[in-house]
Each structure stands twice: as C-alpha cells, then as structure tokens.
>>> print(open('final_15.pdb').read())   # PDB, C-alpha atoms (C1' of nucleotides)
ATOM      1  CA  MET B 991     139.632 240.729  53.122
ATOM      2  CA  LYS B 992     141.554 241.323  49.936
ATOM      3  CA  SER B 993     140.762 244.213  47.687
ATOM      4  CA  ASP B 994     137.293 243.908  46.225
ATOM      5  CA  PHE B 995     138.866 244.386  42.835
ATOM      6  CA  PHE B 996     140.603 241.045  43.118
ATOM      7  CA  ASN B 997     137.490 239.410  44.512
ATOM      8  CA  GLN B 998     135.517 240.686  41.543
ATOM      9  CA  VAL B 999     138.049 239.165  39.199
ATOM     10  CA  TYR B1000     137.941 235.822  40.986
ATOM     11  CA  GLU B1001     134.174 235.767  40.878
ATOM     12  CA  VAL B1002     134.050 236.445  37.155
ATOM     13  CA  VAL B1003     136.732 233.844  36.445
ATOM     14  CA  ARG B1004     134.833 231.241  38.434
ATOM     15  CA  LEU B1005     131.799 231.932  36.270
ATOM     16  CA  ILE B1006     133.666 230.884  33.156
ATOM     17  CA  PRO B1007     132.049 227.663  31.944
ATOM     18  CA  ALA B1008     134.235 224.634  31.282
ATOM     19  CA  GLY B1009     135.528 224.501  27.748
ATOM     20  CA  ARG B1010     135.401 228.274  27.424
ATOM     21  CA  VAL B1011     138.093 230.913  27.773
ATOM     22  CA  THR B1012     138.228 234.654  28.193
ATOM     23  CA  SER B1013     140.778 237.426  28.083
ATOM     24  CA  TYR B1014     142.135 239.648  30.832
ATOM     25  CA  GLY B1015     140.858 242.706  28.988
ATOM     26  CA  ALA B1016     137.325 241.290  28.842
ATOM     27  CA  ILE B1017     137.289 240.819  32.611
ATOM     28  CA  ALA B1018     138.836 244.218  33.207
ATOM     29  CA  LYS B1019     136.248 245.791  30.993
ATOM     30  CA  CYS B1020     133.494 243.959  32.819
ATOM     31  CA  LEU B1021     134.795 245.424  36.062
ATOM     32  CA  GLY B1022     134.676 248.899  34.588
ATOM     33  CA  SER B1023     138.388 249.360  33.912
ATOM     34  CA  PRO B1024     139.058 248.194  30.346
ATOM     35  CA  GLN B1025     142.608 249.501  30.539
ATOM     36  CA  SER B1026     143.384 247.789  33.809
ATOM     37  CA  SER B1027     143.873 244.394  32.218
ATOM     38  CA  ARG B1028     147.207 244.156  33.987
ATOM     39  CA  MET B1029     145.417 244.203  37.305
ATOM     40  CA  VAL B1030     143.410 241.181  36.228
ATOM     41  CA  GLY B1031     146.583 239.315  35.439
ATOM     42  CA  TYR B1032     148.036 240.389  38.740
ATOM     43  CA  ALA B1033     144.914 239.185  40.506
ATOM     44  CA  MET B1034     145.462 235.805  38.871
ATOM     45  CA  ASN B1035     148.915 235.810  40.361
ATOM     46  CA  ALA B1036     147.262 235.814  43.765
ATOM     47  CA  ALA B1037     144.598 233.319  42.710
ATOM     48  CA  HIS B1038     146.709 230.451  43.993
ATOM     49  CA  GLY B1039     145.098 228.808  46.987
ATOM     50  CA  GLN B1040     141.852 230.716  46.646
ATOM     51  CA  GLN B1041     138.656 229.136  47.902
ATOM     52  CA  PRO B1042     136.889 228.037  45.917
ATOM     53  CA  PRO B1043     139.751 227.538  43.490
ATOM     54  CA  VAL B1044     139.925 229.975  40.601
ATOM     55  CA  PRO B1045     140.152 228.394  37.126
ATOM     56  CA  ALA B1046     142.882 230.769  36.080
ATOM     57  CA  HIS B1047     143.784 228.393  33.277
ATOM     58  CA  ARG B1048     140.660 229.595  31.472
ATOM     59  CA  VAL B1049     141.951 233.152  31.432
ATOM     60  CA  LEU B1050     144.260 233.965  28.551
ATOM     61  CA  ASN B1051     145.466 237.085  26.833
ATOM     62  CA  ARG B1052     143.601 238.624  23.909
ATOM     63  CA  ILE B1053     145.245 236.354  21.354
ATOM     64  CA  GLY B1054     144.425 233.173  23.258
ATOM     65  CA  MET B1055     147.999 232.472  24.212
ATOM     66  CA  LEU B1056     148.829 230.694  27.481
ATOM     67  CA  THR B1057     150.990 233.550  28.652
ATOM     68  CA  GLY B1058     150.605 232.671  32.319
ATOM     69  CA  LYS B1059     151.251 228.960  32.027
ATOM     70  CA  HIS B1060     154.639 229.495  33.595
ATOM     71  CA  HIS B1061     152.881 230.505  36.786
ATOM     72  CA  PHE B1062     151.160 227.158  37.114
ATOM     73  CA  ASN B1063     152.517 224.120  38.869
ATOM     74  CA  PRO B1064     153.609 222.454  36.812
ATOM     75  CA  PRO B1065     153.354 224.998  33.974
ATOM     76  CA  GLU B1066     152.227 222.345  31.528
ATOM     77  CA  SER B1067     149.187 221.653  33.725
ATOM     78  CA  MET B1068     147.497 224.720  32.263
ATOM     79  CA  GLN B1069     147.463 223.298  28.768
ATOM     80  CA  THR B1070     146.527 219.892  30.117
ATOM     81  CA  MET B1071     143.509 221.251  31.957
ATOM     82  CA  LEU B1072     142.348 223.217  28.955
ATOM     83  CA  GLU B1073     142.693 220.207  26.702
ATOM     84  CA  ALA B1074     140.760 218.183  29.266
ATOM     85  CA  GLU B1075     137.914 220.661  28.801
ATOM     86  CA  GLY B1076     137.818 220.049  25.069
ATOM     87  CA  LEU B1077     140.063 222.883  23.930
ATOM     88  CA  THR B1078     142.752 222.454  21.334
ATOM     89  CA  ILE B1079     146.083 224.027  22.175
ATOM     90  CA  ILE B1080     149.008 224.239  19.790
ATOM     91  CA  ASN B1081     152.254 226.008  20.550
ATOM     92  CA  ASP B1082     150.721 227.495  23.731
ATOM     93  CA  GLN B1083     147.926 228.979  21.658
ATOM     94  CA  VAL B1084     144.256 228.048  21.890
ATOM     95  CA  GLN B1085     142.836 227.072  18.535
ATOM     96  CA  ASN B1086     139.399 228.486  17.697
ATOM     97  CA  PHE B1087     140.032 230.903  20.540
ATOM     98  CA  LYS B1088     137.517 233.290  19.061
ATOM     99  CA  ASN B1089     135.020 230.456  18.925
ATOM    100  CA  GLN B1090     135.634 229.476  22.555
ATOM    101  CA  PHE B1091     135.754 233.053  23.745
ATOM    102  CA  TRP B1092     133.505 233.796  26.700
ATOM    103  CA  ASP B1093     132.731 237.450  27.218
ATOM    104  CA  PRO B1094     131.510 238.141  30.788
ATOM    105  CA  ALA B1095     130.089 241.497  29.739
ATOM    106  CA  ILE B1096     127.723 239.596  27.436
ATOM    107  CA  GLU B1097     127.181 236.232  29.098
ATOM    108  CA  LEU B1098     126.546 237.680  32.529
ATOM    109  CA  GLU B1099     124.042 240.168  31.195
ATOM    110  CA  PHE B1100     122.313 237.444  29.266
TER
ATOM    111  C1'  DA U1090     157.854 256.112  52.296
ATOM    112  C1'  DA U1091     158.925 255.805  47.459
ATOM    113  C1'  DG U1092     160.022 253.280  43.437
ATOM    114  C1'  DG U1093     159.658 249.341  40.515
ATOM    115  C1'  DT U1094     157.187 245.402  38.768
ATOM    116  C1'  DG U1095     153.604 242.926  36.065
ATOM    117  C1'  DA U1096     149.643 236.148  33.816
ATOM    118  C1'  DC U1097     147.684 242.965  29.181
ATOM    119  C1'  DA U1098     145.808 245.958  25.720
ATOM    120  C1'  DG U1099     145.467 249.770  22.721
ATOM    121  C1'  DT U1100     147.657 253.358  20.049
ATOM    122  C1'  DT U1101     151.441 255.372  17.434
ATOM    123  C1'  DT U1102     155.868 255.575  14.823
TER
ATOM    124  C1'  DT S1176     153.385 245.579   7.622
ATOM    125  C1'  DA S1177     155.774 244.953  12.018
ATOM    126  C1'  DA S1178     157.807 246.767  16.077
ATOM    127  C1'  DA S1179     157.879 249.844  20.053
ATOM    128  C1'  DC S1180     155.731 252.927  23.610
ATOM    129  C1'  DT S1181     152.502 254.290  26.750
ATOM    130  C1'  DG S1182     148.598 253.774  30.164
ATOM    131  C1'  DC S1183     146.632 251.407  33.991
ATOM    132  C1'  DC S1184     146.418 250.437  39.204
ATOM    133  C1'  DA S1185     147.405 247.184  42.982
ATOM    134  C1'  DC S1186     151.115 244.499  45.123
ATOM    135  C1'  DC S1187     156.029 243.878  46.554
ATOM    136  C1'  DT S1188     160.796 245.292  48.078
TER
END
>>> encode(input="final_15.pdb", output="structure tokens")
Amino acid sequence: MKSDFFNQVYEVVRLIPAGRVTSYGAIAKCLGSPQSSRMVGYAMNAAHGQQPPVPAHRVLNRIGMLTGKHHFNPPESMQTMLEAEGLTIINDQVQNFKNQFWDPAIELEF
DNA sequence: AAGGTGACAGTTT
DNA sequence: TAAACTGCCACCT
C-alpha cells in the first residue's frame, strides 16, 4: 500500500471530468496541505501504471502550463490527450485555463 | 542513515 | 514590473 497521501491525490485526479483541468496547488489544498503542491507533482510522477489509470494530463501548474509533459510517453501525448478532450493548447499552455479550471475543493463539496 | 531532489506555489527583494 | 528565494514533505541514492 503506498502512502495514503498519494492515493488521495490519485483519487482526486481521477475525479477530474474530461475537458477540465486543475492545478497541483488545488489538489494539495483539497488534501489539507496547500503548500505541499510539490508532493502532488511527485505523486503524479508515480502515477504511471496506476490502476485505474490516473489522468495526470489533466493536472497542470497554476498557470495552466504543461510542465510535466516531458514525463509522458511520448511527451507530446499529454497535449494530444488534452486537445482530444476539447482543450486548446498553444505553446504548452492551456487556453481559457481559468475557464476550464476544475477546483476539487468546490466541485467535490458540491 | 543522511542528504538531495522535485510534474509547485506563495512571498519578498 | 520582473526575478529570485523560501517552504513543503515524500521518495530516491
């Protein structure tokens, strides 16, 4: 059993609806550690091969930039998957990021 | 066992 | 205004 912290992150990420994106900080905050955003990113690093798969491509930094695309295989698949969900990505940045933002702290409570 | 790293974010200079 | 530093906590060497 991995650390529950990671499992929490995976669960939240899997709840992200298609066509929506969120930030590491939002997830970290939802878990109760708003300053532990790095841990969320690190959890994503271990998200490879998780069951069910974790849509890590829907998790971006606070500015909507595909910072972790380099960790995908191939890296360009991240942008491809996001575009397939209806998102517009230019220069590794999600357009209308604020409009597509999905805040777990709000959506989950709703 | 201890130190260093990291897919970030917020604050300060 | 932009750039740089610190904080955070688990994983890896």
>>> closest_atom_pairs(input="final_15.pdb", of="chain B", to="chain S", cutoff="12 Å", atoms="only C-alpha atoms (C1' of nucleotides)", output="tab-separated table")
residue	atom	partner	partner_atom	distance
B:Lys992	CA	S:DA1185	C1'	10.8
B:Ser993	CA	S:DA1185	C1'	8.7
B:Asp994	CA	S:DA1185	C1'	11.1
B:Phe995	CA	S:DA1185	C1'	9.0
B:Phe996	CA	S:DA1185	C1'	9.2
B:Gly1015	CA	S:DC1183	C1'	11.6
B:Ala1018	CA	S:DC1183	C1'	10.6
B:Ser1023	CA	S:DC1183	C1'	8.5
B:Pro1024	CA	S:DC1183	C1'	9.0
B:Gln1025	CA	S:DC1183	C1'	5.6
B:Ser1026	CA	S:DC1183	C1'	4.9
B:Ser1027	CA	S:DC1183	C1'	7.7
B:Arg1028	CA	S:DC1183	C1'	7.3
B:Met1029	CA	S:DC1184	C1'	6.6
B:Val1030	CA	S:DA1185	C1'	9.9
B:Gly1031	CA	S:DA1185	C1'	10.9
B:Tyr1032	CA	S:DA1185	C1'	8.0
B:Ala1033	CA	S:DA1185	C1'	8.7
B:Asn1035	CA	S:DC1186	C1'	10.1
B:Ala1036	CA	S:DC1186	C1'	9.6
>>> atom_distance(input="final_15.pdb", atom1="CA of Phe1091 in chain B", atom2="CA of Arg1010 in chain B")
6.0 Å
>>> resolve_selection(input="final_15.pdb", expression="the PyMOL selection byres ((chain B and resi 1049-1062) around 6)", output="list in words")
Val1011, Thr1012, Ser1013, Tyr1014, Ala1046, His1047, Arg1048, Asn1063, Pro1064, Pro1065, Met1068, Asp1082, Gln1083, Val1084 and Phe1087 of chain B; DA1096 of chain U
>>> closest_atom_pairs(input="final_15.pdb", of="chain U", to="chain B", cutoff="10 Å", atoms="only C-alpha atoms (C1' of nucleotides)", output="JSON lines")
{"residue": "U:DG1095", "atom": "C1'", "partner": "B:Tyr1032", "partner_atom": "CA", "distance": 6.7}
{"residue": "U:DA1096", "atom": "C1'", "partner": "B:Gly1058", "partner_atom": "CA", "distance": 3.9}
{"residue": "U:DC1097", "atom": "C1'", "partner": "B:Arg1028", "partner_atom": "CA", "distance": 5.0}
{"residue": "U:DA1098", "atom": "C1'", "partner": "B:Gly1015", "partner_atom": "CA", "distance": 6.8}
{"residue": "U:DG1099", "atom": "C1'", "partner": "B:Gln1025", "partner_atom": "CA", "distance": 8.3}
>>> axis_aligned_box(input="final_15.pdb", around="range 1178-1181 of chain S", padding_each_side="4 Å", output="JSON")
{"center_x": 155.2, "center_y": 250.5, "center_z": 21.4, "size_x": 13.4, "size_y": 15.5, "size_z": 18.7}
>>> atom_distance(input="final_15.pdb", atom1="CA of Val999 in chain B", atom2="CA of Asp1093 in chain B")
13.2 Å
>>> atom_distance(input="final_15.pdb", atom1="CA of Ala1095 in chain B", atom2="CA of Cys1020 in chain B")
5.2 Å
